[in-house]
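Here's structure-v6.cif, which has mmCIF, C-alpha atoms (C1' of nucleotides):
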```
data_query
loop_
_atom_site.label_atom_id
_atom_site.label_comp_id
_atom_site.auth_asym_id
_atom_site.auth_seq_id
_atom_site.Cartn_x
_atom_site.Cartn_y
_atom_site.Cartn_z
CA MET U 898 45.02 14.42 -1.58
CA ALA U 899 41.81 15.81 -2.83
CA ARG U 900 40.58 14.76 -6.18
CA ALA U 901 41.73 12.22 -8.70
CA ALA U 902 42.47 13.32 -12.23
CA THR U 903 39.33 12.56 -14.15
CA THR U 904 40.18 13.19 -17.74
CA ALA U 905 42.50 10.21 -17.76
CA ASP U 906 39.97 7.53 -18.58
CA ALA U 907 37.08 6.97 -20.94
CA PHE U 908 34.49 6.97 -18.17
CA ASN U 909 35.29 10.50 -17.23
CA ALA U 910 35.81 11.70 -20.75
CA VAL U 911 32.29 10.62 -21.50
CA ALA U 912 30.82 11.93 -18.27
CA GLU U 913 30.92 15.41 -19.72
CA PRO U 914 27.77 16.01 -21.83
CA ARG U 915 29.59 18.21 -24.33
CA ARG U 916 32.06 15.48 -25.03
CA ARG U 917 29.28 13.02 -25.59
CA GLN U 918 27.80 15.51 -28.03
CA ILE U 919 31.10 15.69 -29.83
CA LEU U 920 31.31 11.95 -30.15
CA ASP U 921 27.73 11.82 -31.36
CA ALA U 922 28.53 14.43 -33.96
CA LEU U 923 31.57 12.48 -35.09
CA ALA U 924 29.52 9.35 -35.46
CA GLY U 925 28.47 10.66 -38.84
CA GLY U 926 32.04 10.86 -40.07
CA GLU U 927 35.10 12.97 -39.59
CA ARG U 928 34.64 16.69 -39.11
CA PRO U 929 36.81 19.76 -38.67
CA VAL U 930 36.82 21.58 -35.35
CA ASN U 931 34.95 24.52 -36.75
CA GLU U 932 32.00 22.35 -37.67
CA LEU U 933 31.88 20.93 -34.17
CA VAL U 934 31.90 24.46 -32.84
CA GLY U 935 28.79 25.10 -34.88
CA VAL U 936 27.10 21.92 -33.74
CA LEU U 937 27.83 22.44 -30.06
CA GLY U 938 27.24 26.16 -29.97
CA LEU U 939 30.30 26.42 -27.81
CA ALA U 940 33.36 28.61 -28.21
CA GLN U 941 36.22 27.20 -30.26
CA PRO U 942 38.81 26.97 -27.46
CA GLN U 943 36.40 24.97 -25.34
CA VAL U 944 35.77 22.58 -28.17
CA SER U 945 39.49 22.18 -28.72
CA LYS U 946 39.94 21.42 -25.06
CA HIS U 947 37.23 18.82 -25.05
CA LEU U 948 38.77 17.31 -28.15
CA ARG U 949 42.07 17.15 -26.39
CA VAL U 950 40.56 15.17 -23.56
CA LEU U 951 38.90 12.84 -26.02
CA ARG U 952 42.18 12.47 -27.86
CA GLU U 953 44.04 11.64 -24.68
CA VAL U 954 41.72 8.78 -23.88
CA GLY U 955 41.84 7.64 -27.47
CA ALA U 956 38.19 8.30 -28.22
CA VAL U 957 39.02 10.41 -31.24
CA ALA U 958 41.84 10.61 -33.75
CA VAL U 959 43.03 13.58 -35.77
CA ARG U 960 44.05 13.95 -39.37
CA GLU U 961 45.60 17.08 -40.80
CA ASP U 962 43.95 18.62 -43.80
CA GLY U 963 45.58 21.90 -44.71
CA ARG U 964 44.91 24.30 -41.92
CA ARG U 965 42.10 22.19 -40.64
CA ARG U 966 42.18 19.19 -38.36
CA LEU U 967 39.69 16.52 -39.16
CA TYR U 968 38.61 14.64 -36.09
CA ARG U 969 37.42 11.13 -36.36
CA LEU U 970 35.65 8.88 -33.90
CA ASN U 971 37.43 5.93 -32.38
CA GLY U 972 34.67 4.07 -30.66
CA ARG U 973 36.97 1.34 -29.50
CA ALA U 974 38.02 3.53 -26.60
CA LEU U 975 34.48 3.23 -25.30
CA LYS U 976 34.64 -0.52 -25.09
CA PRO U 977 35.65 -0.61 -21.42
CA ILE U 978 32.52 1.34 -20.61
CA HIS U 979 30.40 -1.00 -22.62
CA ASP U 980 32.01 -4.02 -21.04
CA TRP U 981 31.47 -2.70 -17.57
CA VAL U 982 27.89 -1.59 -17.95
CA LYS U 983 26.99 -4.70 -19.91
CA ALA U 984 27.35 -6.76 -16.76
CA TYR U 985 24.43 -4.83 -15.32
CA GLU U 986 22.22 -5.18 -18.33
CA GLN U 987 20.41 -8.10 -16.81
CA SER U 988 19.18 -5.96 -13.96
CA TRP U 989 16.76 -4.14 -16.20
CA SER U 990 16.09 -6.71 -18.87
CA GLU U 991 16.00 -10.13 -17.29
CA ARG U 992 16.21 -9.66 -13.54
CA PHE U 993 15.97 -13.30 -12.79
CA ASP U 994 16.99 -13.45 -9.17
CA ARG U 995 14.99 -10.84 -7.28
CA LEU U 996 11.29 -11.17 -6.73
CA ASP U 997 10.40 -7.55 -6.17
CA VAL U 998 11.98 -6.67 -9.44
CA VAL U 999 10.08 -9.37 -11.22
CA LEU U 1000 6.88 -7.93 -9.83
CA GLU U 1001 7.94 -4.52 -11.00
CA GLU U 1002 8.50 -5.93 -14.45
CA LEU U 1003 5.06 -7.49 -14.51
CA LYS U 1004 3.42 -4.29 -13.34
CA LYS U 1005 5.23 -2.38 -16.04
CA GLU U 1006 4.17 -4.89 -18.62
CA GLU U 1007 0.49 -4.54 -17.92
CA GLY U 1008 0.85 -0.79 -17.45
CA ASP U 1009 2.54 1.21 -20.16
CA GLY U 1010 5.25 -0.02 -22.47
CA SER U 1011 7.63 2.86 -21.88
CA ASP U 1012 10.99 1.89 -20.57
CA GLU U 1013 12.24 5.15 -19.11
CA MET N 252 29.73 29.76 -14.50
CA ALA N 253 32.53 27.31 -14.08
CA ARG N 254 31.68 23.71 -13.81
CA ALA N 255 28.48 21.82 -14.18
CA ALA N 256 27.27 19.72 -11.29
CA THR N 257 28.44 16.26 -12.13
CA THR N 258 26.89 14.04 -9.55
CA ALA N 259 23.48 14.67 -11.03
CA ASP N 260 23.52 11.93 -13.63
CA ALA N 261 24.48 8.31 -13.96
CA PHE N 262 27.40 9.02 -16.28
CA ASN N 263 29.16 11.05 -13.66
CA ALA N 264 28.18 8.84 -10.78
CA VAL N 265 29.90 6.00 -12.54
CA ALA N 266 32.90 8.03 -13.64
CA GLU N 267 34.27 7.74 -10.13
CA PRO N 268 36.17 4.43 -9.75
CA ARG N 269 35.17 4.01 -6.12
CA ARG N 270 31.55 4.22 -7.04
CA ARG N 271 32.00 1.61 -9.71
CA GLN N 272 33.64 -0.55 -7.08
CA ILE N 273 30.65 -0.08 -4.84
CA LEU N 274 28.24 -1.09 -7.57
CA ASP N 275 30.39 -4.08 -8.37
CA ALA N 276 30.34 -5.08 -4.73
CA LEU N 277 26.58 -4.72 -4.59
CA ALA N 278 26.20 -6.89 -7.65
CA GLY N 279 26.49 -9.86 -5.31
CA GLY N 280 23.52 -8.77 -3.26
CA GLU N 281 22.62 -6.16 -0.70
CA ARG N 282 25.24 -5.18 1.83
CA PRO N 283 25.53 -2.89 4.83
CA VAL N 284 27.76 0.18 4.64
CA ASN N 285 30.28 -1.31 6.98
CA GLU N 286 30.91 -4.18 4.64
CA LEU N 287 31.45 -1.83 1.75
CA VAL N 288 33.93 0.06 3.88
CA GLY N 289 35.83 -3.16 4.25
CA VAL N 290 35.73 -3.96 0.59
CA LEU N 291 36.80 -0.52 -0.55
CA GLY N 292 39.36 0.08 2.15
CA LEU N 293 38.03 3.59 2.38
CA ALA N 294 36.84 5.51 5.42
CA GLN N 295 33.20 5.17 6.34
CA PRO N 296 32.17 8.80 5.72
CA GLN N 297 33.59 8.66 2.22
CA VAL N 298 31.69 5.50 1.48
CA SER N 299 28.51 7.07 2.78
CA LYS N 300 29.08 10.05 0.57
CA HIS N 301 29.62 7.92 -2.50
CA LEU N 302 26.51 5.98 -1.61
CA ARG N 303 24.60 9.21 -1.43
CA VAL N 304 25.62 10.13 -4.93
CA LEU N 305 24.65 6.70 -6.15
CA ARG N 306 21.34 7.01 -4.34
CA GLU N 307 20.63 10.37 -5.91
CA VAL N 308 21.04 9.03 -9.39
CA GLY N 309 19.00 5.99 -8.47
CA ALA N 310 21.80 3.49 -8.89
CA VAL N 311 21.28 2.05 -5.42
CA ALA N 312 18.40 1.72 -3.01
CA VAL N 313 18.48 1.48 0.76
CA ARG N 314 16.64 -0.69 3.20
CA GLU N 315 16.72 -0.22 6.93
CA ASP N 316 17.73 -3.16 9.03
CA GLY N 317 18.03 -2.19 12.66
CA ARG N 318 20.89 0.19 12.94
CA ARG N 319 22.26 -0.89 9.62
CA ARG N 320 21.35 0.26 6.16
CA LEU N 321 21.40 -2.39 3.54
CA TYR N 322 22.24 -1.03 0.16
CA ARG N 323 21.04 -2.74 -2.92
CA LEU N 324 21.96 -2.31 -6.54
CA ASN N 325 19.50 -0.79 -8.97
CA GLY N 326 21.13 -1.43 -12.30
CA ARG N 327 18.27 0.14 -14.16
CA ALA N 328 19.79 3.56 -13.52
CA LEU N 329 22.69 2.50 -15.69
CA LYS N 330 20.51 1.87 -18.69
CA PRO N 331 21.06 5.33 -20.21
CA ILE N 332 24.78 4.65 -20.21
CA HIS N 333 24.29 1.31 -21.82
CA ASP N 334 21.95 2.76 -24.41
CA TRP N 335 24.37 5.51 -25.28
CA VAL N 336 27.49 3.42 -25.52
CA LYS N 337 25.68 0.65 -27.33
CA ALA N 338 25.41 2.86 -30.40
CA TYR N 339 29.18 2.78 -30.63
CA GLU N 340 29.50 -0.94 -30.20
CA GLN N 341 29.70 -1.47 -33.93
CA SER N 342 32.90 0.55 -34.10
CA TRP N 343 34.83 -2.22 -32.42
CA SER N 344 32.83 -5.31 -33.24
CA GLU N 345 31.29 -5.02 -36.66
CA ARG N 346 32.70 -1.88 -38.19
CA PHE N 347 31.01 -2.38 -41.50
CA ASP N 348 31.82 0.87 -43.15
CA ARG N 349 35.55 1.37 -42.73
CA LEU N 350 38.00 -0.81 -44.57
CA ASP N 351 40.95 -0.52 -42.21
CA VAL N 352 38.77 -1.65 -39.38
CA VAL N 353 37.48 -4.60 -41.31
CA LEU N 354 41.04 -5.64 -41.96
CA GLU N 355 41.79 -5.28 -38.30
CA GLU N 356 38.87 -7.51 -37.51
CA LEU N 357 40.06 -10.16 -39.92
CA LYS N 358 43.54 -10.05 -38.53
CA LYS N 359 42.20 -10.44 -35.04
CA GLU N 360 40.04 -13.33 -36.10
CA GLU N 361 42.90 -15.38 -37.47
CA GLY N 362 45.13 -14.32 -34.61
CA ASP N 363 43.89 -14.75 -31.07
CA GLY N 364 40.31 -14.53 -29.96
CA SER N 365 40.85 -11.91 -27.30
CA ASP N 366 39.05 -8.65 -27.84
CA GLU N 367 41.05 -6.33 -25.63
"C1'" DA W 1371 19.30 5.57 31.05
"C1'" DC W 1372 23.91 4.69 29.26
"C1'" DA W 1373 27.41 2.79 26.37
"C1'" DA W 1374 28.57 0.91 22.02
"C1'" DC W 1375 27.66 0.54 17.30
"C1'" DA W 1376 26.25 1.90 12.40
"C1'" DC W 1377 25.71 5.39 9.51
"C1'" DA W 1378 24.95 10.23 7.80
"C1'" DT W 1379 26.24 14.95 7.77
"C1'" DT W 1380 29.13 18.92 8.28
"C1'" DC W 1381 33.28 21.51 7.92
"C1'" DC W 1382 37.80 22.04 5.92
"C1'" DC W 1383 41.06 21.92 2.25
"C1'" DA W 1384 43.60 20.80 -1.94
"C1'" DT W 1385 42.85 20.16 -6.56
"C1'" DA W 1386 40.66 19.36 -10.93
"C1'" DT W 1387 38.10 21.31 -14.14
"C1'" DA W 1388 34.79 24.03 -17.52
"C1'" DG W 1389 34.14 28.13 -19.55
"C1'" DG W 1390 35.94 32.95 -20.86
"C1'" DT W 1391 39.41 35.73 -23.01
"C1'" DA W 1392 43.68 36.55 -25.13
"C1'" DT W 1393 47.34 34.79 -27.56
"C1'" DA W 1394 50.47 31.50 -30.10
"C1'" DT W 1395 51.01 28.68 -34.19
"C1'" DA W 1396 50.34 27.25 -38.70
"C1'" DA W 1397 48.48 27.24 -43.27
"C1'" DT W 1398 46.26 29.59 -47.22
"C1'" DC W 1399 45.39 33.52 -50.07
"C1'" DG W 1400 46.21 37.90 -52.47
"C1'" DC L 752 55.22 39.36 -47.27
"C1'" DG L 753 50.80 40.77 -44.90
"C1'" DA L 754 46.07 39.38 -43.95
"C1'" DT L 755 42.92 36.01 -42.91
"C1'" DT L 756 41.49 31.59 -41.42
"C1'" DA L 757 41.73 27.41 -38.42
"C1'" DT L 758 43.10 25.47 -34.34
"C1'" DA L 759 45.71 24.91 -30.03
"C1'" DT L 760 47.41 26.77 -25.68
"C1'" DA L 761 47.95 29.72 -21.76
"C1'" DC L 762 45.98 32.22 -18.16
"C1'" DC L 763 42.19 33.43 -15.08
"C1'" DT L 764 38.21 32.49 -12.17
"C1'" DA L 765 34.34 30.22 -10.08
"C1'" DT L 766 32.95 26.02 -8.61
"C1'" DA L 767 32.53 21.10 -7.97
"C1'" DT L 768 34.30 17.46 -5.46
"C1'" DG L 769 37.03 13.79 -3.03
"C1'" DG L 770 39.20 12.70 1.05
"C1'" DG L 771 40.10 13.69 6.20
"C1'" DA L 772 38.38 14.66 10.74
"C1'" DA L 773 34.77 15.69 13.87
"C1'" DT L 774 30.18 15.44 15.04
"C1'" DG L 775 25.17 14.37 14.74
"C1'" DT L 776 21.47 10.83 14.77
"C1'" DG L 777 19.34 6.68 15.54
"C1'" DT L 778 19.46 1.78 17.21
"C1'" DT L 779 20.73 -2.05 20.06
"C1'" DG L 780 22.19 -4.12 24.28
"C1'" DT L 781 22.72 -4.10 29.33
#
```
Can the structure from this file be put into structure tokens for me?
Amino acid sequence: MARAATTADAFNAVAEPRRRQILDALAGGERPVNELVGVLGLAQPQVSKHLRVLREVGAVAVREDGRRRLYRLNGRALKPIHDWVKAYEQSWSERFDRLDVVLEELKKEEGDGSDE
Amino acid sequence: MARAATTADAFNAVAEPRRRQILDALAGGERPVNELVGVLGLAQPQVSKHLRVLREVGAVAVREDGRRRLYRLNGRALKPIHDWVKAYEQSWSERFDRLDVVLEELKKEEGDGSDE
DNA sequence: ACAACACATTCCCATATAGGTATATAATCG
DNA sequence: CGATTATATACCTATATGGGAATGTGTTGT
């Protein structure tokens, strides 16, 4: 075998920057495909394909409105990602069990306040 | 062009299940490659390659110990993922602006406490 | 120095895409 | 009905990439 199908889970759906853009755009409410095309500056078929992937992982839902399809965000599909990454949150916020990291935190604190 | 390089950012690094497994394994502390090979049940070269990807996005750090390389988690590289997905957290926990979701929340509350 | 060990890198290959272009489908309008 | 609009799908191509196998590199032990 060579490569596992990626578009089958939320992690991969979201790994694609365009798809994250789509979700971000949908955060403001449901939108027709054409509007997303405008926002992304991408060709319509590509947007439809990304939407399909997002649909298949349940990250978006569609609603028919005449000849338009209104896509709507379904953030719940992103919960597994949140749950997984949440377990690592301590490593950059608390970091209670590793000394070198604590030192790094202190250094950062007396240096600049930026976090990235 | 055809496909953007994926291994360049944390989102893609983590999209690969094996790499998530590696990070999960490293959550318990630093480990040599050989041990990760055992945990993953994958061949050593593959593990090394996944580790390389994780290294390149800064998700792990290496330390030399004789002829072994001890890999250590650097959860901080996952912060962008957390930050991004966090914005969607409301859609499955609070959901203050959509009635159907509020109802779903209520139903869940009087039903069982599980969230998945 | 030599053998064994731990790990990284390279080469190969099958496959999964992402974007491009053309086309199918469906709804609305005149 | 014919034309236009909105969206989905099919087909093509270049490329990224994951696993497999072989090999390179460095370290330890004798």
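You will find atom CA of U:Leu920 at 15.1 Å from atom CA of U:Asp906.
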Evaluate the PyMOL selection byres ((chain U and resi 975) around 8) against this structure - the residues, as a PyMOL selection string, please. (chain U and resi 907+956+972-974+976-979) or (chain N and resi 336+339)
Can you translate the PyMOL selection byres ((chain L and resi 778) around 9) into the concrete residues it hits in this file, as an MDAnalysis selection string? (chainID N and resid 317:319) or (chainID W and resid 1375:1376) or (chainID L and resid 777 779)
Neighbour list for stretch 276-290 of chain N as a short mmCIF file (atom, residue, chain, number, x, y, z; two decimals) with C-alpha atoms, in the coordinates of the input, cut-off 7 Å, all atoms listed in the file, skip fewer than 2 positions in-chain:
```
data_model
loop_
_atom_site.label_atom_id
_atom_site.label_comp_id
_atom_site.auth_asym_id
_atom_site.auth_seq_id
_atom_site.Cartn_x
_atom_site.Cartn_y
_atom_site.Cartn_z
CA GLN N 272 33.64 -0.55 -7.08
CA ILE N 273 30.65 -0.08 -4.84
CA LEU N 274 28.24 -1.09 -7.57
CA GLY N 292 39.36 0.08 2.15
CA LEU N 293 38.03 3.59 2.38
CA ALA N 294 36.84 5.51 5.42
CA GLN N 295 33.20 5.17 6.34
CA VAL N 298 31.69 5.50 1.48
CA ARG N 319 22.26 -0.89 9.62
CA ARG N 320 21.35 0.26 6.16
CA LEU N 321 21.40 -2.39 3.54
CA TYR N 322 22.24 -1.03 0.16
CA ARG N 323 21.04 -2.74 -2.92
CA LEU N 324 21.96 -2.31 -6.54
#
```
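Residues of chain L lying within 10 Å of chain U, counting all atoms listed in the file, are DT756, DA757, DT758, DA759, DT760, DT768, DG769, DG770 and DG771 of chain L.
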Residues of chain W within 10 Å of chain U, counting only C-alpha atoms (C1' of nucleotides) - could you list those as a PyMOL selection string? chain W and resi 1383-1391+1396-1398
Report as a PyMOL selection string the full result of the PyMOL selection byres ((chain L and resi 762) around 10) when it is applied to this structure. (chain W and resi 1391-1393) or (chain L and resi 760-761+763-764)
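With all atoms listed in the file as the atoms that count, the minimum distance from L:DT755 to the choices W:DA1394, W:DC1399, W:DA1371, W:DA1378 is reached by W:DC1399.
Interatomic distance, atom CA of U:Leu937 against atom CA of U:Ala910: 16.3 Å.
The gap separating atom CA of U:Glu961 from atom CA of N:Ser344 is 26.9 Å, in Å to one decimal.
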Could you give me stretch 960-988 of chain U completed to N, CA and C atoms, formatted as a PDB file, in the frame of the given file?
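Result written to selection.pdb:
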```pdb
ATOM      1  N   ARG U 960      43.391  14.054 -38.074  1.00  0.00           N
ATOM      2  CA  ARG U 960      44.050  13.950 -39.370  1.00  0.00           C
ATOM      3  C   ARG U 960      44.185  15.373 -39.877  1.00  0.00           C
ATOM      4  N   GLU U 961      45.368  15.719 -40.338  1.00  0.00           N
ATOM      5  CA  GLU U 961      45.600  17.080 -40.800  1.00  0.00           C
ATOM      6  C   GLU U 961      45.097  17.226 -42.225  1.00  0.00           C
ATOM      7  N   ASP U 962      44.445  18.334 -42.459  1.00  0.00           N
ATOM      8  CA  ASP U 962      43.950  18.620 -43.800  1.00  0.00           C
ATOM      9  C   ASP U 962      44.121  20.117 -44.025  1.00  0.00           C
ATOM     10  N   GLY U 963      45.292  20.474 -44.536  1.00  0.00           N
ATOM     11  CA  GLY U 963      45.580  21.900 -44.710  1.00  0.00           C
ATOM     12  C   GLY U 963      45.616  22.566 -43.358  1.00  0.00           C
ATOM     13  N   ARG U 964      44.913  23.636 -43.226  1.00  0.00           N
ATOM     14  CA  ARG U 964      44.910  24.300 -41.920  1.00  0.00           C
ATOM     15  C   ARG U 964      43.802  23.785 -41.026  1.00  0.00           C
ATOM     16  N   ARG U 965      43.143  22.756 -41.485  1.00  0.00           N
ATOM     17  CA  ARG U 965      42.100  22.190 -40.640  1.00  0.00           C
ATOM     18  C   ARG U 965      42.544  20.864 -40.059  1.00  0.00           C
ATOM     19  N   ARG U 966      41.922  20.489 -38.963  1.00  0.00           N
ATOM     20  CA  ARG U 966      42.180  19.190 -38.360  1.00  0.00           C
ATOM     21  C   ARG U 966      40.875  18.422 -38.397  1.00  0.00           C
ATOM     22  N   LEU U 967      40.896  17.335 -39.071  1.00  0.00           N
ATOM     23  CA  LEU U 967      39.690  16.520 -39.160  1.00  0.00           C
ATOM     24  C   LEU U 967      39.704  15.493 -38.040  1.00  0.00           C
ATOM     25  N   TYR U 968      38.706  15.585 -37.200  1.00  0.00           N
ATOM     26  CA  TYR U 968      38.610  14.640 -36.090  1.00  0.00           C
ATOM     27  C   TYR U 968      37.709  13.486 -36.480  1.00  0.00           C
ATOM     28  N   ARG U 969      38.129  12.343 -36.001  1.00  0.00           N
ATOM     29  CA  ARG U 969      37.420  11.130 -36.360  1.00  0.00           C
ATOM     30  C   ARG U 969      37.168  10.316 -35.095  1.00  0.00           C
ATOM     31  N   LEU U 970      36.030   9.683 -35.063  1.00  0.00           N
ATOM     32  CA  LEU U 970      35.650   8.880 -33.900  1.00  0.00           C
ATOM     33  C   LEU U 970      36.467   7.603 -33.815  1.00  0.00           C
ATOM     34  N   ASN U 971      36.823   7.233 -32.612  1.00  0.00           N
ATOM     35  CA  ASN U 971      37.430   5.930 -32.380  1.00  0.00           C
ATOM     36  C   ASN U 971      36.680   5.236 -31.255  1.00  0.00           C
ATOM     37  N   GLY U 972      35.572   4.648 -31.639  1.00  0.00           N
ATOM     38  CA  GLY U 972      34.670   4.070 -30.660  1.00  0.00           C
ATOM     39  C   GLY U 972      35.270   2.993 -29.777  1.00  0.00           C
ATOM     40  N   ARG U 973      36.347   2.424 -30.256  1.00  0.00           N
ATOM     41  CA  ARG U 973      36.970   1.340 -29.500  1.00  0.00           C
ATOM     42  C   ARG U 973      37.346   1.754 -28.077  1.00  0.00           C
ATOM     43  N   ALA U 974      37.646   3.033 -27.925  1.00  0.00           N
ATOM     44  CA  ALA U 974      38.020   3.530 -26.600  1.00  0.00           C
ATOM     45  C   ALA U 974      36.857   3.451 -25.616  1.00  0.00           C
ATOM     46  N   LEU U 975      35.666   3.286 -26.156  1.00  0.00           N
ATOM     47  CA  LEU U 975      34.480   3.230 -25.300  1.00  0.00           C
ATOM     48  C   LEU U 975      34.155   1.802 -24.867  1.00  0.00           C
ATOM     49  N   LYS U 976      34.917   0.880 -25.396  1.00  0.00           N
ATOM     50  CA  LYS U 976      34.640  -0.520 -25.090  1.00  0.00           C
ATOM     51  C   LYS U 976      34.676  -0.837 -23.595  1.00  0.00           C
ATOM     52  N   PRO U 977      35.652  -0.320 -22.857  1.00  0.00           N
ATOM     53  CA  PRO U 977      35.650  -0.610 -21.420  1.00  0.00           C
ATOM     54  C   PRO U 977      34.348  -0.203 -20.743  1.00  0.00           C
ATOM     55  N   ILE U 978      33.790   0.892 -21.187  1.00  0.00           N
ATOM     56  CA  ILE U 978      32.520   1.340 -20.610  1.00  0.00           C
ATOM     57  C   ILE U 978      31.427   0.337 -20.938  1.00  0.00           C
ATOM     58  N   HIS U 979      31.409  -0.036 -22.184  1.00  0.00           N
ATOM     59  CA  HIS U 979      30.400  -1.000 -22.620  1.00  0.00           C
ATOM     60  C   HIS U 979      30.534  -2.307 -21.854  1.00  0.00           C
ATOM     61  N   ASP U 980      31.772  -2.759 -21.741  1.00  0.00           N
ATOM     62  CA  ASP U 980      32.010  -4.020 -21.040  1.00  0.00           C
ATOM     63  C   ASP U 980      31.542  -3.947 -19.592  1.00  0.00           C
ATOM     64  N   TRP U 981      31.839  -2.821 -18.979  1.00  0.00           N
ATOM     65  CA  TRP U 981      31.470  -2.700 -17.570  1.00  0.00           C
ATOM     66  C   TRP U 981      29.954  -2.655 -17.390  1.00  0.00           C
ATOM     67  N   VAL U 982      29.323  -1.794 -18.141  1.00  0.00           N
ATOM     68  CA  VAL U 982      27.890  -1.590 -17.950  1.00  0.00           C
ATOM     69  C   VAL U 982      27.085  -2.788 -18.448  1.00  0.00           C
ATOM     70  N   LYS U 983      27.681  -3.541 -19.346  1.00  0.00           N
ATOM     71  CA  LYS U 983      26.990  -4.700 -19.910  1.00  0.00           C
ATOM     72  C   LYS U 983      26.662  -5.727 -18.827  1.00  0.00           C
ATOM     73  N   ALA U 984      27.551  -5.804 -17.843  1.00  0.00           N
ATOM     74  CA  ALA U 984      27.350  -6.760 -16.760  1.00  0.00           C
ATOM     75  C   ALA U 984      26.074  -6.451 -15.971  1.00  0.00           C
ATOM     76  N   TYR U 985      25.614  -5.226 -16.076  1.00  0.00           N
ATOM     77  CA  TYR U 985      24.430  -4.830 -15.320  1.00  0.00           C
ATOM     78  C   TYR U 985      23.164  -4.878 -16.162  1.00  0.00           C
ATOM     79  N   GLU U 986      23.346  -5.199 -17.414  1.00  0.00           N
ATOM     80  CA  GLU U 986      22.220  -5.180 -18.330  1.00  0.00           C
ATOM     81  C   GLU U 986      21.080  -6.058 -17.853  1.00  0.00           C
ATOM     82  N   GLN U 987      21.442  -7.185 -17.276  1.00  0.00           N
ATOM     83  CA  GLN U 987      20.410  -8.100 -16.810  1.00  0.00           C
ATOM     84  C   GLN U 987      19.480  -7.473 -15.791  1.00  0.00           C
ATOM     85  N   SER U 988      20.000  -6.517 -15.040  1.00  0.00           N
ATOM     86  CA  SER U 988      19.180  -5.960 -13.960  1.00  0.00           C
ATOM     87  C   SER U 988      17.968  -5.181 -14.459  1.00  0.00           C
TER      88      SER U 988
END
```
